[in-house]
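Structure file run33.cif (mmCIF, C-alpha atoms and all ligand atoms) is printed below.
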data_final
#
loop_
_atom_site.label_atom_id
_atom_site.label_comp_id
_atom_site.auth_asym_id
_atom_site.auth_seq_id
_atom_site.Cartn_x
_atom_site.Cartn_y
_atom_site.Cartn_z
CA MET A 47 214.63 69.50 68.08
CA LYS A 48 212.55 72.17 66.31
CA ARG A 49 212.78 72.64 62.56
CA ALA A 50 212.54 75.93 60.66
CA LEU A 51 212.30 76.77 56.97
CA ILE A 52 213.56 80.23 55.97
CA THR A 53 212.81 81.73 52.57
CA GLY A 54 215.33 84.44 51.67
CA ILE A 55 218.05 82.71 53.69
CA THR A 56 220.76 84.19 51.44
CA GLY A 57 219.65 87.73 52.33
CA GLN A 58 220.70 89.89 55.27
CA ASP A 59 217.98 88.84 57.70
CA GLY A 60 217.88 85.23 56.53
CA ALA A 61 221.55 84.77 57.39
CA TYR A 62 221.26 86.32 60.87
CA LEU A 63 218.04 84.45 61.60
CA ALA A 64 219.56 81.13 60.52
CA LYS A 65 222.54 81.68 62.81
CA MET A 66 220.31 82.58 65.75
CA LEU A 67 218.03 79.55 65.23
CA LEU A 68 221.05 77.22 64.96
CA GLU A 69 222.29 78.63 68.27
CA LYS A 70 218.89 77.84 69.76
CA GLY A 71 219.28 74.22 68.63
CA TYR A 72 217.00 74.33 65.57
CA GLU A 73 217.48 72.29 62.44
CA VAL A 74 217.50 75.02 59.80
CA TYR A 75 216.39 74.66 56.18
CA GLY A 76 216.68 77.45 53.66
CA LEU A 77 214.90 77.99 50.37
CA VAL A 78 217.32 79.31 47.75
CA ALA A 79 216.34 80.62 44.35
CA ARG A 80 218.50 79.30 41.53
CA ARG A 81 221.01 81.94 40.35
CA SER A 82 223.87 81.62 37.85
CA ASN A 83 226.30 82.46 40.66
CA CYS A 84 226.35 81.09 44.18
CA ASN A 85 225.10 83.75 46.54
CA TYR A 86 226.09 82.33 49.90
CA TRP A 87 228.53 85.07 50.98
CA ARG A 88 226.42 86.09 53.97
CA LEU A 89 226.10 82.50 55.24
CA ASN A 90 229.84 82.21 54.72
CA TYR A 91 230.54 85.45 56.61
CA LEU A 92 228.64 84.07 59.60
CA GLY A 93 230.32 80.66 59.25
CA ILE A 94 227.08 78.71 58.81
CA GLU A 95 227.05 77.77 55.11
CA HIS A 96 227.51 74.09 55.97
CA GLU A 97 225.25 74.13 59.05
CA VAL A 98 222.05 74.79 57.11
CA GLU A 99 220.24 72.53 54.66
CA LEU A 100 219.58 74.41 51.41
CA ILE A 101 216.66 73.50 49.16
CA TYR A 102 216.23 74.98 45.68
CA GLY A 103 212.93 76.76 45.20
CA ASP A 104 211.31 80.04 44.36
CA VAL A 105 208.35 81.76 46.00
CA THR A 106 206.82 82.35 42.56
CA ASP A 107 206.84 78.59 41.90
CA GLN A 108 204.32 77.03 44.23
CA PRO A 109 205.16 73.36 43.56
CA SER A 110 208.71 74.10 44.70
CA LEU A 111 207.32 75.43 47.99
CA ILE A 112 205.26 72.30 48.55
CA THR A 113 208.34 70.17 47.85
CA ALA A 114 210.37 72.28 50.27
CA LEU A 115 207.74 71.87 52.99
CA HIS A 116 207.72 68.08 52.45
CA LYS A 117 211.53 67.97 52.71
CA ALA A 118 211.95 70.32 55.66
CA LYS A 119 208.85 69.31 57.66
CA PRO A 120 209.17 72.58 59.57
CA ASP A 121 207.50 73.67 62.79
CA GLU A 122 208.03 77.28 61.73
CA VAL A 123 208.28 79.03 58.36
CA TYR A 124 209.90 82.48 58.12
CA ASN A 125 208.97 84.13 54.83
CA LEU A 126 211.73 86.65 54.21
CA ALA A 127 212.01 86.25 50.42
CA ALA A 128 211.28 89.45 48.53
CA GLN A 129 212.41 91.85 45.86
CA SER A 130 213.25 94.14 48.77
CA PHE A 131 214.81 97.26 47.21
CA VAL A 132 212.32 100.13 46.96
CA ALA A 133 214.03 101.90 44.03
CA THR A 134 214.02 98.72 41.89
CA SER A 135 210.31 98.26 42.52
CA TRP A 136 209.53 101.11 40.07
CA GLU A 137 211.81 99.56 37.45
CA GLN A 138 210.39 96.02 37.91
CA PRO A 139 206.91 96.53 39.35
CA VAL A 140 205.42 93.29 38.03
CA LEU A 141 208.31 91.14 39.23
CA THR A 142 208.13 92.90 42.62
CA SER A 143 204.42 92.11 42.87
CA LYS A 144 204.89 88.48 41.84
CA VAL A 145 207.63 87.87 44.41
CA THR A 146 206.81 90.26 47.24
CA ALA A 147 202.99 90.08 47.10
CA LEU A 148 201.91 86.83 45.42
CA GLY A 149 204.89 84.92 46.82
CA VAL A 150 203.26 85.24 50.24
CA LEU A 151 199.99 83.80 48.98
CA ASN A 152 201.87 80.96 47.29
CA MET A 153 203.46 80.05 50.62
CA LEU A 154 200.24 80.36 52.62
CA GLU A 155 198.42 78.10 50.16
CA ALA A 156 201.33 75.63 50.18
CA LEU A 157 201.07 75.54 53.98
CA ARG A 158 197.33 74.96 53.80
CA MET A 159 197.84 72.06 51.38
CA THR A 160 200.57 70.39 53.46
CA ASN A 161 200.12 71.28 57.13
CA SER A 162 198.17 74.35 58.19
CA GLY A 163 199.45 73.96 61.75
CA ILE A 164 202.92 75.22 60.81
CA ARG A 165 203.63 78.63 62.35
CA PHE A 166 204.21 81.37 59.76
CA TYR A 167 206.17 84.62 59.99
CA GLN A 168 205.69 87.27 57.30
CA ALA A 169 208.29 90.01 56.81
CA SER A 170 206.10 93.12 56.75
CA THR A 171 207.64 96.58 56.68
CA SER A 172 207.39 100.19 57.82
CA GLU A 173 207.31 101.10 54.10
CA MET A 174 203.58 100.27 54.32
CA PHE A 175 203.12 103.45 56.40
CA GLY A 176 204.69 105.48 53.56
CA LEU A 177 202.96 108.86 53.59
CA ILE A 178 202.54 108.72 57.33
CA LYS A 179 199.14 109.22 58.94
CA GLU A 180 200.48 109.48 62.49
CA GLU A 181 203.67 111.15 63.67
CA ILE A 182 204.81 107.91 65.36
CA GLN A 183 203.65 104.66 63.78
CA CYS A 184 202.26 101.69 65.70
CA GLU A 185 200.31 98.53 64.81
CA ASN A 186 197.04 100.51 64.42
CA THR A 187 198.37 103.35 62.26
CA PRO A 188 196.64 103.44 58.85
CA PHE A 189 198.80 102.51 55.86
CA HIS A 190 199.63 104.57 52.76
CA PRO A 191 202.40 102.84 50.78
CA ARG A 192 204.44 104.97 48.37
CA SER A 193 206.10 102.45 46.05
CA PRO A 194 205.27 99.22 44.22
CA TYR A 195 207.35 97.55 46.95
CA GLY A 196 205.22 99.08 49.71
CA VAL A 197 202.00 98.16 47.91
CA SER A 198 203.19 94.57 47.42
CA LYS A 199 204.16 94.25 51.07
CA LEU A 200 200.74 95.55 52.07
CA TYR A 201 199.15 92.71 50.11
CA GLY A 202 201.43 90.22 51.85
CA HIS A 203 200.50 91.74 55.19
CA TRP A 204 196.75 91.58 54.70
CA ILE A 205 196.71 88.14 53.10
CA SER A 206 198.58 86.83 56.16
CA VAL A 207 196.02 88.48 58.44
CA ASN A 208 193.25 87.06 56.27
CA TYR A 209 194.56 83.47 56.46
CA ARG A 210 194.76 83.84 60.23
CA GLU A 211 191.15 85.05 60.37
CA SER A 212 189.77 82.73 57.68
CA PHE A 213 191.48 79.45 58.51
CA GLY A 214 192.75 79.95 62.06
CA MET A 215 196.33 79.64 60.88
CA TYR A 216 199.16 80.84 63.12
CA THR A 217 200.43 83.79 61.07
CA CYS A 218 202.36 86.80 62.42
CA ASN A 219 203.38 89.96 60.61
CA GLY A 220 206.51 91.63 61.88
CA ILE A 221 206.23 95.28 60.83
CA LEU A 222 209.95 95.89 60.92
CA PHE A 223 211.44 99.35 60.51
CA ASN A 224 214.73 99.65 58.59
CA HIS A 225 217.46 97.45 59.97
CA GLU A 226 221.02 97.29 58.80
CA SER A 227 224.31 95.49 59.40
CA PRO A 228 227.63 94.72 57.72
CA LEU A 229 225.58 92.20 55.67
CA ARG A 230 223.18 94.81 54.28
CA GLY A 231 222.95 94.96 50.46
CA ILE A 232 225.29 97.61 49.04
CA GLU A 233 222.40 99.42 47.30
CA PHE A 234 220.74 100.46 50.58
CA VAL A 235 221.75 103.88 51.82
CA THR A 236 223.50 102.96 55.11
CA ARG A 237 225.74 100.37 53.48
CA LYS A 238 226.33 102.58 50.44
CA VAL A 239 227.56 105.24 52.85
CA THR A 240 229.74 102.98 55.03
CA ASP A 241 231.26 101.34 51.94
CA GLY A 242 231.80 104.80 50.42
CA VAL A 243 233.48 106.04 53.60
CA ALA A 244 235.82 103.03 53.56
CA ARG A 245 236.72 103.56 49.89
CA ILE A 246 237.30 107.30 50.38
CA LYS A 247 239.47 106.62 53.44
CA HIS A 248 241.54 104.12 51.43
CA GLU A 249 241.72 106.65 48.56
CA TRP A 250 239.84 104.40 46.15
CA GLN A 251 236.95 106.79 45.70
CA LYS A 252 236.81 110.60 45.71
CA GLU A 253 233.13 111.34 46.31
CA LEU A 254 229.86 109.74 47.37
CA ARG A 255 226.79 110.42 45.24
CA LEU A 256 223.46 110.27 47.10
CA GLY A 257 219.83 111.29 46.57
CA ASN A 258 217.51 112.79 49.19
CA ILE A 259 219.65 113.10 52.31
CA ASP A 260 216.86 114.83 54.23
CA ALA A 261 214.86 111.58 54.39
CA LYS A 262 214.62 110.19 57.92
CA ARG A 263 214.50 106.59 59.03
CA ASP A 264 214.21 104.63 62.26
CA TRP A 265 217.32 102.45 61.84
CA GLY A 266 218.14 99.41 63.98
CA TYR A 267 220.56 96.48 63.87
CA ALA A 268 219.45 93.37 61.96
CA GLY A 269 221.06 91.09 64.56
CA ASP A 270 218.66 92.49 67.19
CA TYR A 271 215.61 92.34 64.91
CA VAL A 272 215.76 88.63 64.02
CA GLU A 273 215.28 87.82 67.72
CA ALA A 274 211.91 89.61 67.52
CA MET A 275 210.87 87.44 64.55
CA TRP A 276 211.48 84.30 66.58
CA LEU A 277 209.76 85.69 69.70
CA MET A 278 206.61 86.40 67.67
CA LEU A 279 206.28 82.72 66.74
CA GLN A 280 206.68 81.60 70.39
CA GLN A 281 203.52 83.39 71.64
CA ASP A 282 200.30 81.53 72.51
CA VAL A 283 198.26 83.75 70.20
CA PRO A 284 199.49 84.98 66.79
CA GLU A 285 199.61 88.77 66.46
CA ASP A 286 201.33 91.52 64.47
CA PHE A 287 204.10 93.64 65.99
CA VAL A 288 205.96 96.85 65.16
CA ILE A 289 209.71 96.38 65.64
CA ALA A 290 211.63 99.64 65.82
CA THR A 291 214.01 101.70 67.96
CA GLY A 292 211.69 104.70 68.44
CA ARG A 293 214.36 107.14 67.20
CA THR A 294 214.55 108.73 63.75
CA THR A 295 217.67 110.16 62.04
CA SER A 296 218.21 111.81 58.67
CA VAL A 297 220.44 110.29 56.00
CA ARG A 298 222.52 113.48 56.40
CA ASP A 299 223.14 112.85 60.12
CA MET A 300 223.83 109.18 59.48
CA CYS A 301 226.51 110.28 56.95
CA LYS A 302 227.97 112.62 59.57
CA ILE A 303 228.37 109.73 62.03
CA ALA A 304 230.00 107.50 59.41
CA PHE A 305 232.48 110.07 58.06
CA GLU A 306 233.37 111.40 61.53
CA HIS A 307 234.34 107.89 62.60
CA VAL A 308 237.28 108.04 60.17
CA GLY A 309 238.06 111.70 60.89
CA LEU A 310 236.42 113.14 57.76
CA ASN A 311 233.66 115.71 57.15
CA TYR A 312 230.81 114.38 54.99
CA LYS A 313 230.31 117.83 53.46
CA ASP A 314 233.67 117.47 51.66
CA TYR A 315 232.61 114.24 49.89
CA VAL A 316 228.83 113.88 49.54
CA VAL A 317 227.47 115.04 46.17
CA ILE A 318 223.71 115.22 45.58
CA ASP A 319 222.72 113.35 42.43
CA PRO A 320 219.05 113.60 41.38
CA LYS A 321 219.46 110.18 39.74
CA PHE A 322 218.89 108.73 43.20
CA TYR A 323 215.66 110.64 43.89
CA ARG A 324 212.54 108.47 43.94
CA PRO A 325 209.27 109.04 42.04
CA ALA A 326 207.50 109.18 45.41
CA GLU A 327 209.42 109.47 48.66
CA VAL A 328 208.84 108.25 52.20
CA ASP A 329 210.06 111.36 54.02
CA ILE A 330 210.10 110.14 57.58
CA LEU A 331 209.46 107.00 59.60
CA ILE A 332 209.52 106.49 63.34
CA GLY A 333 208.12 103.44 65.06
CA ASN A 334 206.55 102.84 68.45
CA PRO A 335 207.75 99.44 69.71
CA THR A 336 205.72 99.51 72.97
CA LYS A 337 203.66 96.41 72.13
CA ALA A 338 206.81 94.39 71.38
CA ARG A 339 208.43 95.60 74.58
CA GLU A 340 205.42 94.67 76.69
CA LYS A 341 204.36 91.37 75.08
CA LEU A 342 207.60 90.00 73.61
CA LYS A 343 209.94 91.63 76.17
CA TRP A 344 211.93 92.79 73.14
CA THR A 345 213.89 96.03 72.83
CA ALA A 346 216.54 97.18 70.36
CA LYS A 347 219.93 96.82 72.01
CA THR A 348 222.25 98.49 69.48
CA THR A 349 222.33 102.29 69.02
CA LEU A 350 222.62 103.89 65.59
CA GLU A 351 226.12 105.12 66.46
CA GLU A 352 227.22 101.58 67.41
CA LEU A 353 225.62 100.18 64.25
CA ILE A 354 227.25 102.66 61.88
CA VAL A 355 230.66 102.23 63.51
CA MET A 356 230.28 98.42 63.21
CA MET A 357 229.45 98.80 59.50
CA VAL A 358 232.26 101.28 58.76
CA GLU A 359 234.78 99.03 60.51
CA ALA A 360 233.62 95.98 58.53
CA ASP A 361 233.84 97.92 55.24
CA LEU A 362 237.29 99.32 56.10
CA GLU A 363 238.47 95.74 56.58
CA ARG A 364 236.83 94.54 53.36
CA VAL A 365 238.36 97.34 51.29
CA ALA A 366 241.78 96.77 52.89
CA ASN A 367 241.55 93.06 51.96
CA GLU A 368 240.48 93.93 48.41
CA LYS A 369 243.47 96.26 48.12
CA LYS A 370 245.87 93.47 49.10
CA LYS A 371 244.67 91.29 46.20
P1 LIG B 401 217.44 90.95 51.15
O1 LIG B 401 217.15 91.70 49.91
O2 LIG B 401 218.83 91.02 51.73
O3 LIG B 401 217.07 89.40 50.95
C1 LIG B 401 215.99 89.00 50.17
C2 LIG B 401 216.05 87.51 49.99
O4 LIG B 401 214.95 87.07 49.18
C3 LIG B 401 217.32 86.99 49.30
O5 LIG B 401 217.74 85.81 49.91
C4 LIG B 401 216.85 86.71 47.88
O6 LIG B 401 217.59 85.73 47.21
C5 LIG B 401 215.44 86.17 48.20
N1 LIG B 401 214.57 86.13 47.03
C6 LIG B 401 214.34 87.12 46.14
N2 LIG B 401 213.47 86.71 45.20
C7 LIG B 401 213.14 85.43 45.50
C8 LIG B 401 212.29 84.47 44.92
N3 LIG B 401 211.58 84.75 43.82
N4 LIG B 401 212.19 83.25 45.50
C9 LIG B 401 212.91 82.95 46.60
N5 LIG B 401 213.75 83.81 47.21
C10 LIG B 401 213.85 85.05 46.66
O7 LIG B 401 216.38 91.45 52.27
P2 LIG B 401 216.54 91.57 53.86
O8 LIG B 401 217.21 90.38 54.38
O9 LIG B 401 217.06 92.92 54.19
O10 LIG B 401 215.02 91.58 54.32
C11 LIG B 401 214.33 90.35 54.59
C12 LIG B 401 212.84 90.57 54.41
O11 LIG B 401 212.40 91.59 55.31
C13 LIG B 401 212.44 91.04 53.02
O12 LIG B 401 211.17 90.49 52.74
C14 LIG B 401 212.34 92.55 53.16
O13 LIG B 401 211.47 93.09 52.21
C15 LIG B 401 211.78 92.65 54.58
N6 LIG B 401 212.10 93.86 55.29
C16 LIG B 401 213.40 94.29 55.39
C17 LIG B 401 213.70 95.42 56.08
C18 LIG B 401 215.12 95.88 56.23
O14 LIG B 401 215.31 97.02 56.67
N7 LIG B 401 216.11 95.06 55.94
C19 LIG B 401 212.64 96.24 56.73
C20 LIG B 401 211.33 95.62 56.66
C21 LIG B 401 211.08 94.50 55.96
P3 LIG B 401 218.93 86.13 46.37
O15 LIG B 401 219.98 86.33 47.42
O16 LIG B 401 219.16 84.96 45.52
O17 LIG B 401 218.60 87.38 45.63
P1 LIG B 402 214.22 102.12 52.17
O1 LIG B 402 213.76 102.89 53.36
O2 LIG B 402 213.80 100.70 52.20
O3 LIG B 402 213.91 102.79 50.89
O4 LIG B 402 215.82 102.03 52.36
P2 LIG B 402 217.03 102.74 51.56
O5 LIG B 402 218.24 102.53 52.40
O6 LIG B 402 217.09 102.29 50.15
O7 LIG B 402 216.63 104.29 51.55
C1 LIG B 402 216.42 105.02 52.75
C2 LIG B 402 216.25 106.50 52.41
O8 LIG B 402 217.50 107.03 51.94
C3 LIG B 402 215.23 106.78 51.30
O9 LIG B 402 214.42 107.86 51.70
C4 LIG B 402 216.09 107.18 50.11
O10 LIG B 402 215.47 108.12 49.23
C5 LIG B 402 217.25 107.86 50.82
N1 LIG B 402 218.46 107.93 50.00
C6 LIG B 402 219.16 109.05 49.73
N2 LIG B 402 220.16 108.77 48.90
C7 LIG B 402 220.12 107.45 48.63
C8 LIG B 402 220.92 106.59 47.82
O11 LIG B 402 221.86 106.98 47.17
N3 LIG B 402 220.57 105.27 47.81
C9 LIG B 402 219.51 104.79 48.54
N4 LIG B 402 219.23 103.49 48.50
N5 LIG B 402 218.73 105.60 49.28
C10 LIG B 402 219.03 106.91 49.33
#
Could I get this file's structure written as C-alpha cells?
Ligand code: NDP
Ligand code: GDP
Amino acid sequence: MKRALITGITGQDGAYLAKMLLEKGYEVYGLVARRSNCNYWRLNYLGIEHEVELIYGDVTDQPSLITALHKAKPDEVYNLAAQSFVATSWEQPVLTSKVTALGVLNMLEALRMTNSGIRFYQASTSEMFGLIKEEIQCENTPFHPRSPYGVSKLYGHWISVNYRESFGMYTCNGILFNHESPLRGIEFVTRKVTDGVARIKHEWQKELRLGNIDAKRDWGYAGDYVEAMWLMLQQDVPEDFVIATGRTTSVRDMCKIAFEHVGLNYKDYVVIDPKFYRPAEVDILIGNPTKAREKLKWTAKTTLEELIVMMVEADLERVANEKKK
C-alpha cells in the first residue's frame, strides 16, 4: 500500500486529492495547521474526515515537517499548502512569502534531511504567467507574476526545479490554471458568484458586488485536476506540466451562465465595486495542455457550463438548508 502526505489537506484541492488517493488504495496523511476552529468541512463534505490521518504542522515550521515525514513515512508528498488568495497577498505580503515561497523550501529541505527519494509535487500556478508573454501559455512561456502571491509561487516553482537539478530529487511542478468546485473558498470569484446567485434566488441578498468582470480565466473542475497531480508523480522522469482546459471565459460570461441557470439576468444584480479591483491585474489566462494530454494522457473532462451548474446547485442546497435552521 502506498502512502501519501498532503499539505493543505483542509483546502479545496487537498480534500479532492485525499479522496482520490484513498480510492486508489493509498494510506493518506494530511498536515493541518493549528487553528482556533476546526476546519475540516471539506473533508466532511466528501465523507473522508475519519479516513485520513491528520498530523499537526505548519509549512513555516520546519521541525514540524520533519516530524510529519517521520510519522507518515510517505512515498509521495503533495505540497498544496499556501496563502492562496491573490487579493490577500497585497495585504499580507510577508506572510504570503513565508508560507507560499519559503514553505516550499522548508519542505524540500525536510525531505533532503529525512529521505530524498520521496516523490514531491509542488502546486505551481498560472498566476506566474501574469502579464502574459504568449497568447496561449505552455510550459516554456516566460513568467511575469503580477502579485506577491504570483511572485511567491514563482520562487516555489524554481526552487523545486533547482532541487531536481541540484540533488536529483523527484520533484514535479503542476502549473495548474484556475480550478473550481463546490468546495472552492467563498472569496474566489466563481464561488462568490454561485453563492450570490443562490442567495439572490432565495431572496436573502439583493445584489452581487464584483470587481473587474472583464478579466478572463481558463477555468476547470478541481476534481479533474487532482488526477493530473497524481499522474505527474507516476512518471519515470519528473517534469513540469501545464494543466488547463484550453478555453478562456470572462467573469462577465461566467456570471451569465450562473444567473441564467436560475432564470435570472446577471445585469439586474451585478454591481461593480472598485473595492474589488486589484493593484495589478492578470487580464487574461489561457493554457495549452498538450504536453499533459500526450505524456500523462490527461484531459479536462468537465465543461465550464457543467462546473458552474454543479456549483450553483450545491449553493442553492446550502442556502436552502441554512434557511431551514
Ligand atoms: P486553499 O486556499 O483552498 O487551501 C490552502 C491550504 O493550505 C489550506 O488547507 C490551508 O489550511 C493550508 N495552509 C495555509 N497556510 C498554511 C501553513 N502555514 N501551513 C500549513 N498549511 C497551510 O487552496 P486550493 O486547494 O484551491 O489550492 C491548493 C494549492 O494549489 C495552493 O497552493 C494554491 O495556491 C495552488 N493553486 C490553486 C489553484 C486553484 O485554482 N485552486 C490554481 C493554481 C494553483 P487552512 O484550511 O487551515 O487555512
Ligand atoms: P485568481 O485568478 O487566483 O485571482 O482567482 P479569483 O477567483 O480570485 O479572481 C479571478 C478574476 O476575477 C481576477 O481577475 C479578479 O480581479 C476577478 N474578479 C472580479 N471581481 C471579483 C471579486 O469580487 N472577487 C474576486 N476574488 N475576483 C474578482
query = Which residue, A:Trp136, A:Met47, A:Thr171, A:Asn152, has the smallest gap to ligand LIG 401 (chain B) when you use all atoms listed in the file?
reply =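 Looking at the shortest contact to ligand LIG 401 (chain B), the residue is A:Thr171.
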task = Please write out the residues within 6 Å of ligand LIG 401 (chain B) as a PyMOL selection string, counting only C-alpha atoms and all ligand atoms.
result = chain A and resi 53-60+78-79+85+104-106+126-130+145+169-171+222-225+231
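Straight-line separation from CA of Gly309 (chain A) to CA of Thr236 (chain A): 17.9 Å.
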key: Shortest interatomic distance to ligand LIG 402 (chain B) - which of A:Phe131, A:Phe166, A:Trp250, A:Tyr312, counting only C-alpha atoms and all ligand atoms   =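 Result for the nearest residue to ligand LIG 402 (chain B): A:Phe131.
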inquiry  = Show me, as a PyMOL selection string, the residues that have an atom within 10 Å of Lys252 (chain A) when counting only C-alpha atoms, minus same-chain residues fewer than 3 positions from it.
reply    = chain A and resi 242-243+245-249+314-316
request  = Excluding Ser135 (chain A) and any residue of its chain fewer than 5 positions from it, enumerate the residues within 9 Å of it, using only C-alpha atoms, and give them as a list of chain:residue names.
outcome  =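 After dropping sequence-adjacent residues, the list is A:Gln129, A:Ser130, A:Val140, A:Leu141, A:Thr142, A:Ser143, A:Ser193, A:Pro194, A:Tyr195, A:Gly196.
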key: Cut-off 7 Å, all atoms listed in the file, neighbours of ligand LIG 402 (chain B) as a ChimeraX atom specification   = /A:131-133,173,224,233-236,238,255-259,261-263,297,322-324,327-329
Deliver the residues from the most recent selection as a file, using C-alpha atoms, as a short mmCIF file (atom, residue, chain, number, x, y, z; two decimals), in the frame of the given file.
data_model
loop_
_atom_site.label_atom_id
_atom_site.label_comp_id
_atom_site.auth_asym_id
_atom_site.auth_seq_id
_atom_site.Cartn_x
_atom_site.Cartn_y
_atom_site.Cartn_z
CA PHE A 131 214.81 97.26 47.21
CA VAL A 132 212.32 100.13 46.96
CA ALA A 133 214.03 101.90 44.03
CA GLU A 173 207.31 101.10 54.10
CA ASN A 224 214.73 99.65 58.59
CA GLU A 233 222.40 99.42 47.30
CA PHE A 234 220.74 100.46 50.58
CA VAL A 235 221.75 103.88 51.82
CA THR A 236 223.50 102.96 55.11
CA LYS A 238 226.33 102.58 50.44
CA ARG A 255 226.79 110.42 45.24
CA LEU A 256 223.46 110.27 47.10
CA GLY A 257 219.83 111.29 46.57
CA ASN A 258 217.51 112.79 49.19
CA ILE A 259 219.65 113.10 52.31
CA ALA A 261 214.86 111.58 54.39
CA LYS A 262 214.62 110.19 57.92
CA ARG A 263 214.50 106.59 59.03
CA VAL A 297 220.44 110.29 56.00
CA PHE A 322 218.89 108.73 43.20
CA TYR A 323 215.66 110.64 43.89
CA ARG A 324 212.54 108.47 43.94
CA GLU A 327 209.42 109.47 48.66
CA VAL A 328 208.84 108.25 52.20
CA ASP A 329 210.06 111.36 54.02
#
query = Closest to Ile205 (chain A) among A:Glu122, A:Glu180, A:Glu137, A:Glu155, using all atoms listed in the file?
reply =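 Looking at the shortest contact to Ile205 (chain A), the residue is A:Glu155.
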task = Skip Tyr216 (chain A) itself and residues of its chain fewer than 4 positions away, then list as a ChimeraX atom specification all residues within 7 Å of it, counting all atoms listed in the file.
result = /A:165-166,210,284
Assuming the input is short of atoms at region 314-320 of chain A, produce all heavy atoms for that part as an mmCIF file, in the coordinates of the input.
data_model
loop_
_atom_site.group_PDB
_atom_site.id
_atom_site.type_symbol
_atom_site.label_atom_id
_atom_site.label_comp_id
_atom_site.auth_asym_id
_atom_site.auth_seq_id
_atom_site.Cartn_x
_atom_site.Cartn_y
_atom_site.Cartn_z
ATOM 1 N N ASP A 314 232.572 117.420 52.646
ATOM 2 C CA ASP A 314 233.670 117.470 51.660
ATOM 3 C C ASP A 314 233.536 116.375 50.595
ATOM 4 O O ASP A 314 234.270 116.400 49.601
ATOM 5 C CB ASP A 314 235.027 117.322 52.365
ATOM 6 C CG ASP A 314 235.286 118.481 53.335
ATOM 7 O OD1 ASP A 314 234.754 119.579 53.065
ATOM 8 O OD2 ASP A 314 235.982 118.264 54.343
ATOM 9 N N TYR A 315 232.655 115.413 50.794
ATOM 10 C CA TYR A 315 232.610 114.240 49.890
ATOM 11 C C TYR A 315 231.231 113.926 49.293
ATOM 12 O O TYR A 315 231.136 113.358 48.214
ATOM 13 C CB TYR A 315 233.127 112.991 50.621
ATOM 14 C CG TYR A 315 234.533 113.174 51.115
ATOM 15 C CD1 TYR A 315 234.781 113.589 52.426
ATOM 16 C CD2 TYR A 315 235.619 112.986 50.261
ATOM 17 C CE1 TYR A 315 236.077 113.801 52.888
ATOM 18 C CE2 TYR A 315 236.922 113.192 50.707
ATOM 19 C CZ TYR A 315 237.146 113.602 52.016
ATOM 20 O OH TYR A 315 238.420 113.820 52.455
ATOM 21 N N VAL A 316 230.160 114.258 50.028
ATOM 22 C CA VAL A 316 228.830 113.880 49.540
ATOM 23 C C VAL A 316 228.376 114.843 48.439
ATOM 24 O O VAL A 316 228.411 116.062 48.605
ATOM 25 C CB VAL A 316 227.800 113.855 50.702
ATOM 26 C CG1 VAL A 316 226.380 113.706 50.159
ATOM 27 C CG2 VAL A 316 228.128 112.700 51.652
ATOM 28 N N VAL A 317 227.967 114.268 47.306
ATOM 29 C CA VAL A 317 227.470 115.040 46.170
ATOM 30 C C VAL A 317 226.026 114.611 45.939
ATOM 31 O O VAL A 317 225.734 113.406 45.906
ATOM 32 C CB VAL A 317 228.302 114.724 44.895
ATOM 33 C CG1 VAL A 317 227.728 115.433 43.676
ATOM 34 C CG2 VAL A 317 229.762 115.095 45.117
ATOM 35 N N ILE A 318 225.119 115.568 45.820
ATOM 36 C CA ILE A 318 223.710 115.220 45.580
ATOM 37 C C ILE A 318 223.515 114.944 44.094
ATOM 38 O O ILE A 318 223.864 115.761 43.246
ATOM 39 C CB ILE A 318 222.773 116.350 46.057
ATOM 40 C CG1 ILE A 318 222.975 116.616 47.548
ATOM 41 C CG2 ILE A 318 221.305 116.003 45.756
ATOM 42 C CD1 ILE A 318 222.811 115.408 48.453
ATOM 43 N N ASP A 319 222.952 113.764 43.811
ATOM 44 C CA ASP A 319 222.720 113.350 42.430
ATOM 45 C C ASP A 319 221.234 113.009 42.277
ATOM 46 O O ASP A 319 220.764 111.997 42.829
ATOM 47 C CB ASP A 319 223.589 112.113 42.123
ATOM 48 C CG ASP A 319 223.516 111.722 40.659
ATOM 49 O OD1 ASP A 319 222.541 112.134 39.993
ATOM 50 O OD2 ASP A 319 224.415 110.996 40.201
ATOM 51 N N PRO A 320 220.494 113.829 41.531
ATOM 52 C CA PRO A 320 219.050 113.600 41.380
ATOM 53 C C PRO A 320 218.698 112.216 40.828
ATOM 54 O O PRO A 320 217.561 111.764 40.959
ATOM 55 C CB PRO A 320 218.605 114.701 40.406
ATOM 56 C CG PRO A 320 219.666 115.745 40.504
ATOM 57 C CD PRO A 320 220.946 115.030 40.820
#
